[in-house]
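Pasting query01.cif here (mmCIF, C-alpha atoms):
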```
data_my_file
#
loop_
_atom_site.label_atom_id
_atom_site.label_comp_id
_atom_site.auth_asym_id
_atom_site.auth_seq_id
_atom_site.Cartn_x
_atom_site.Cartn_y
_atom_site.Cartn_z
CA MET A 14 -28.34 -21.37 -13.48
CA PRO A 15 -29.99 -17.93 -13.60
CA ALA A 16 -27.71 -14.91 -13.80
CA VAL A 17 -27.03 -13.05 -10.56
CA PRO A 18 -28.50 -9.53 -10.72
CA GLU A 19 -25.92 -6.76 -10.71
CA MET A 20 -25.73 -4.52 -7.67
CA PRO A 21 -27.80 -1.36 -8.09
CA GLU A 22 -25.91 1.73 -9.21
CA THR A 23 -27.44 3.53 -6.24
CA PHE A 24 -25.24 1.52 -3.85
CA ARG A 25 -22.38 3.71 -2.69
CA LEU A 26 -19.62 3.65 -0.11
CA PRO A 27 -18.95 6.57 2.22
CA PRO A 28 -15.96 8.75 1.32
CA LEU A 29 -12.89 6.58 1.81
CA PRO A 30 -10.00 8.06 3.84
CA ARG A 31 -6.61 8.47 2.24
CA GLY A 32 -5.28 6.01 4.80
CA LEU A 33 -6.87 3.18 2.83
CA ASP A 34 -4.44 3.92 0.00
CA ALA A 35 -1.88 1.94 2.01
CA TRP A 36 -4.01 -1.18 1.54
CA PHE A 37 -4.69 -0.47 -2.13
CA SER A 38 -0.97 -0.01 -2.83
CA PHE A 39 -0.03 -3.07 -0.81
CA VAL A 40 -2.40 -5.36 -2.71
CA ARG A 41 -1.38 -3.92 -6.08
CA SER A 42 2.28 -4.60 -5.27
CA LEU A 43 1.78 -8.33 -4.70
CA PRO A 44 2.95 -10.67 -7.49
CA ASP A 45 0.37 -13.12 -8.79
CA ASP A 46 2.14 -16.09 -7.21
CA ILE A 47 2.00 -14.67 -3.68
CA GLU A 48 -0.67 -15.61 -1.18
CA LEU A 49 -1.30 -13.86 2.12
CA ARG A 50 -1.95 -15.53 5.45
CA HIS A 51 -3.23 -14.19 8.72
CA ALA A 52 -2.69 -16.32 11.83
CA GLY A 53 -2.04 -19.31 9.56
CA ARG A 54 -5.20 -18.89 7.47
CA THR A 55 -4.99 -18.01 3.79
CA LEU A 56 -6.76 -14.87 2.68
CA ASP A 57 -9.33 -15.27 -0.08
CA GLY A 58 -7.78 -12.48 -2.14
CA LEU A 59 -10.72 -10.18 -2.83
CA GLY A 60 -8.49 -7.85 -4.84
CA VAL A 61 -9.49 -4.60 -3.14
CA VAL A 62 -7.21 -2.10 -4.89
CA ASP A 63 -9.45 0.95 -5.36
CA GLU A 64 -12.90 2.32 -4.58
CA SER A 65 -14.61 0.31 -7.32
CA SER A 66 -13.19 -3.02 -6.16
CA ALA A 67 -13.90 -2.05 -2.54
CA LEU A 68 -17.55 -1.55 -3.45
CA ALA A 69 -17.67 -4.98 -5.13
CA ALA A 70 -16.08 -6.61 -2.06
CA GLN A 71 -18.99 -5.53 0.14
CA ALA A 72 -21.31 -7.98 -1.64
CA GLY A 73 -22.45 -10.59 0.85
CA TYR A 74 -21.63 -8.35 3.80
CA ARG A 75 -23.13 -4.88 3.62
CA PHE A 76 -24.87 -5.47 0.30
CA VAL A 77 -26.84 -8.73 0.34
CA LEU A 78 -28.92 -10.57 -2.22
CA ASN A 79 -32.21 -12.06 -1.03
CA ASP A 80 -34.67 -13.65 -3.47
CA ASP A 81 -32.93 -11.96 -6.40
CA GLU A 82 -33.28 -8.56 -4.75
CA TRP A 83 -30.32 -6.54 -3.49
CA ALA A 84 -30.57 -4.85 -0.10
CA ASP A 85 -28.29 -2.56 1.89
CA ALA A 86 -27.85 -4.09 5.35
CA ALA A 87 -26.72 -0.71 6.68
CA ALA A 88 -30.18 0.67 5.98
CA ARG A 89 -31.68 -1.68 8.57
CA GLY A 90 -28.86 -1.40 11.09
CA ALA A 91 -27.36 -4.82 10.41
CA TRP A 92 -24.10 -3.30 9.14
CA ARG A 93 -22.32 -0.02 9.77
CA PRO A 94 -21.61 2.22 6.77
CA GLU A 95 -18.09 2.88 8.07
CA TRP A 96 -17.21 -0.82 7.92
CA ILE A 97 -15.30 -1.68 4.73
CA VAL A 98 -14.42 -5.31 4.00
CA LEU A 99 -10.84 -5.52 2.72
CA ASP A 100 -10.44 -9.29 2.49
CA SER A 101 -11.59 -12.51 4.11
CA THR A 102 -10.57 -16.03 5.06
CA ASP A 103 -13.11 -18.64 3.98
CA ALA A 104 -15.58 -15.73 3.67
CA ASP A 105 -14.96 -14.57 7.27
CA PRO A 106 -14.34 -10.84 6.71
CA PHE A 107 -11.56 -8.52 7.77
CA ILE A 108 -13.22 -5.14 8.18
CA ALA A 109 -11.61 -1.70 8.15
CA ASP A 110 -13.35 0.74 10.50
CA ILE A 111 -12.78 3.97 8.59
CA SER A 112 -14.47 6.06 11.29
CA ARG A 113 -11.59 5.67 13.74
CA PRO A 114 -8.00 6.98 13.74
CA GLY A 115 -5.46 4.58 12.30
CA ILE A 116 -8.22 2.53 10.64
CA PRO A 117 -8.41 -0.42 13.06
CA ILE A 118 -9.18 -3.81 11.53
CA LEU A 119 -11.98 -6.01 12.82
CA GLU A 120 -12.77 -9.64 12.08
CA ASP A 121 -15.95 -11.66 12.22
CA VAL A 122 -17.41 -15.05 11.33
CA HIS A 123 -20.00 -15.24 8.58
CA GLY A 124 -23.19 -17.24 8.85
CA GLU A 125 -23.87 -16.42 12.51
CA GLY A 126 -27.08 -14.51 11.83
CA ARG A 127 -25.67 -11.13 12.81
CA TRP A 128 -22.39 -9.26 12.66
CA ASN A 129 -20.48 -8.67 15.87
CA PRO A 130 -16.85 -8.11 14.86
CA SER A 131 -13.93 -8.19 17.27
CA PRO A 132 -10.53 -6.45 16.98
CA ALA A 133 -7.98 -8.07 14.68
CA ALA A 134 -5.36 -5.28 14.61
CA PRO A 135 -5.26 -1.81 16.21
CA THR A 136 -4.40 -0.10 12.90
CA LEU A 137 -4.36 -0.88 9.21
CA ALA A 138 -0.56 -0.64 9.26
CA ASP A 139 -0.41 -3.25 12.02
CA PHE A 140 -2.71 -5.53 10.04
CA ILE A 141 -0.59 -5.28 6.91
CA GLY A 142 2.50 -5.97 9.00
CA SER A 143 0.89 -9.07 10.49
CA LEU A 144 0.26 -10.70 7.12
CA GLU A 145 2.57 -13.48 6.05
CA ARG A 146 3.49 -13.59 2.37
CA ARG A 147 4.11 -17.03 0.91
CA ARG A 148 4.80 -18.52 -2.50
CA LEU A 149 5.64 -21.87 -4.03
CA ASP A 150 9.29 -22.25 -5.01
CA ASP A 151 10.56 -24.12 -8.07
CA THR A 152 10.17 -27.47 -6.31
CA GLY A 153 6.56 -26.80 -5.35
CA ALA A 154 7.46 -26.28 -1.70
CA ASP A 155 5.67 -23.63 0.33
CA VAL A 156 8.21 -20.90 1.15
CA ALA A 157 7.85 -18.11 3.70
CA LEU A 158 8.86 -14.60 2.63
CA ASP A 159 9.70 -13.37 6.11
CA TRP A 160 13.42 -12.57 5.99
CA GLU A 161 14.89 -9.08 6.25
CA VAL A 162 18.36 -7.78 5.40
CA TRP A 163 19.87 -5.08 7.61
CA ALA A 164 22.97 -2.99 7.08
CA LEU A 165 24.93 -2.79 10.34
CA ASP A 166 28.04 -1.16 8.83
CA LEU A 167 28.54 0.11 5.29
CA GLY A 168 32.33 0.02 5.47
CA PRO A 169 34.91 2.73 4.70
CA GLU A 170 33.11 3.85 1.52
CA PRO A 171 29.40 3.62 2.33
CA LEU A 172 28.09 5.36 -0.79
CA ARG A 173 30.20 3.14 -3.05
CA ALA A 174 28.89 0.04 -1.27
CA LEU A 175 25.28 1.22 -1.51
CA LEU A 176 25.66 2.16 -5.16
CA ALA A 177 27.04 -1.30 -5.95
CA MET A 178 24.12 -2.92 -4.15
CA SER A 179 21.57 -0.72 -5.92
CA THR A 180 22.77 -2.02 -9.30
CA ALA A 181 22.29 -5.66 -8.26
CA PRO A 182 18.96 -7.42 -8.96
CA LEU A 183 18.76 -8.50 -5.31
CA PHE A 184 18.39 -4.91 -4.09
CA PRO A 185 16.05 -1.99 -4.89
CA ASP A 186 17.11 0.59 -7.48
CA TRP A 187 17.71 3.37 -4.96
CA THR A 188 17.76 7.04 -5.96
CA ARG A 189 20.58 9.32 -4.83
CA THR A 190 18.29 10.68 -2.12
CA ASP A 191 17.66 7.11 -0.95
CA LEU A 192 21.40 6.43 -0.85
CA LEU A 193 22.09 9.48 1.30
CA ARG A 194 19.23 8.59 3.63
CA LEU A 195 20.42 5.01 4.02
CA ARG A 196 24.01 6.10 4.67
CA ALA A 197 22.82 8.35 7.49
CA SER A 198 20.45 5.78 9.00
CA VAL A 199 22.70 2.79 9.80
CA PRO A 200 21.67 0.39 11.22
CA VAL A 201 18.94 0.30 8.59
CA ILE A 202 16.79 -2.26 6.85
CA LEU A 203 17.66 -2.69 3.16
CA GLN A 204 15.26 -5.41 2.05
CA SER A 205 12.28 -7.33 3.45
CA GLY A 206 9.83 -9.98 2.32
CA LEU A 207 12.60 -12.32 1.18
CA THR A 208 13.14 -16.05 1.24
CA GLU A 209 16.02 -17.27 3.39
CA ARG A 210 18.05 -18.04 0.26
CA LEU A 211 17.61 -14.57 -1.24
CA ALA A 212 18.42 -12.93 2.08
CA ALA A 213 21.65 -14.91 2.27
CA GLY A 214 22.49 -13.79 -1.26
CA CYS A 215 22.03 -10.15 -0.28
CA VAL A 216 24.36 -10.57 2.69
CA ALA A 217 27.03 -12.23 0.56
CA PHE A 218 26.84 -9.50 -2.10
CA GLY A 219 27.10 -6.71 0.47
CA THR A 220 30.07 -8.40 2.12
CA ARG A 221 31.94 -8.47 -1.19
CA HIS A 222 31.56 -4.70 -1.36
CA GLY A 223 32.80 -3.93 2.14
CA ALA A 224 29.48 -3.74 3.98
CA ARG A 225 28.44 -5.75 7.01
CA LEU A 226 24.92 -7.01 6.45
CA GLU A 227 22.85 -9.47 8.44
CA ALA A 228 19.74 -11.45 7.57
CA TRP A 229 17.10 -11.73 10.25
CA ARG A 230 13.84 -13.59 10.23
CA HIS A 231 10.98 -11.19 10.82
CA SER A 232 8.95 -12.03 13.91
CA ARG A 233 5.19 -11.41 13.67
CA GLU A 234 4.46 -11.87 17.34
#
```

Would you mind writing the structure in this file as structure tokens?
Amino acid sequence: MPAVPEMPETFRLPPLPRGLDAWFSFVRSLPDDIELRHAGRTLDGLGVVDESSALAAQAGYRFVLNDDEWADAAARGAWRPEWIVLDSTDADPFIADISRPGIPILEDVHGEGRWNPSPAAPTLADFIGSLERRRLDDTGADVALDWEVWALDLGPEPLRALLAMSTAPLFPDWTRTDLLRLRASVPVILQSGLTERLAAGCVAFGTRHGARLEAWRHSRE
């Protein structure tokens, strides 16, 4: 099979807004054994974590290969320069519109002859929040990571309770500033993206240290 020609060095993206850093950071934070789903469909995992990988992810969408020659679809009006593909499901792209406030996300179906994307989420933050994180547990079962742990009452010694939780592997390693913020923000979320079992463990640990915690399943509706 002949080698695929590399994209020309002249291909460039428009200046990317700082708001896209939220997506880059989100993707970087995902463990290797986590897959993302949107509306029940698994994302392909294009690995868009910076400008370089974002450029590569536009191959097949804005930048297309025809008869061993690369072409920029934006140059002929078949793609908009402000559309940046962040990921896809079975090659159907999720597109960030970086020209609009909040960076709304669009979606489209590939292979239709032309691109006519429709809204998928009003903002990038909403899109990230809509994604379901899943992994396989030790038995090979598919497990949803959609449980949250909330502090409803930190007890008579809130800082002591928070400090104890921050030293446990189940909880983040909070700074002193974090501890003071959490103490002043009750009710407040302490952890998210957990399995039901881990969420229950967090609640039990907090209870042993005088706090009243509850585990809630995060609704994506």

Which polymer residues have any atom within 12 Å of an atom of A:Gly73, counting only C-alpha atoms, with same-chain residues fewer than 6 positions away left out, as a PDB file with C-alpha atoms, in the frame of the given file?
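Dumped to around.pdb:
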```pdb
ATOM      1  CA  MET A  20     -25.730  -4.520  -7.670  1.00  0.00           C
ATOM      2  CA  ASN A  79     -32.210 -12.060  -1.030  1.00  0.00           C
ATOM      3  CA  TRP A  83     -30.320  -6.540  -3.490  1.00  0.00           C
ATOM      4  CA  ALA A  84     -30.570  -4.850  -0.100  1.00  0.00           C
ATOM      5  CA  ASP A  85     -28.290  -2.560   1.890  1.00  0.00           C
ATOM      6  CA  ALA A  86     -27.850  -4.090   5.350  1.00  0.00           C
ATOM      7  CA  TRP A  92     -24.100  -3.300   9.140  1.00  0.00           C
ATOM      8  CA  VAL A  98     -14.420  -5.310   4.000  1.00  0.00           C
ATOM      9  CA  SER A 101     -11.590 -12.510   4.110  1.00  0.00           C
ATOM     10  CA  ALA A 104     -15.580 -15.730   3.670  1.00  0.00           C
ATOM     11  CA  ASP A 105     -14.960 -14.570   7.270  1.00  0.00           C
ATOM     12  CA  PRO A 106     -14.340 -10.840   6.710  1.00  0.00           C
ATOM     13  CA  HIS A 123     -20.000 -15.240   8.580  1.00  0.00           C
ATOM     14  CA  GLY A 124     -23.190 -17.240   8.850  1.00  0.00           C
ATOM     15  CA  TRP A 128     -22.390  -9.260  12.660  1.00  0.00           C
TER      16      TRP A 128
END
```

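For the choices A:Leu56, A:Ile118, A:Ile141, A:Ala72, the atom-to-atom distance to A:Pro18 is smallest for A:Ala72 when using only C-alpha atoms.
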
In Å to one decimal, how far is atom CA of A:Ala67 from atom CA of A:Asp100?
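For atom CA of A:Asp100 relative to atom CA of A:Ala67, the distance reads 9.5 Å.
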
Test item: the PyMOL selection byres ((chain A and resi 29-46) around 9) resolved as a count of residues only
25

Stretch 114-173 of chain A residues near stretch 220-224 of chain A within 7 Å, closest pair each, using only C-alpha atoms, as CSV:
```
residue,atom,partner,partner_atom,distance
A:Asp166,CA,A:Ala224,CA,5.7
A:Leu167,CA,A:Ala224,CA,4.2
A:Gly168,CA,A:Ala224,CA,4.9
```

note - atom CA of A:Thr208 and atom CA of A:Ile108 are separated by 29.4 Å

Between atom CA of A:Ala217 and atom CA of A:Leu192 lies a distance of 19.5 Å
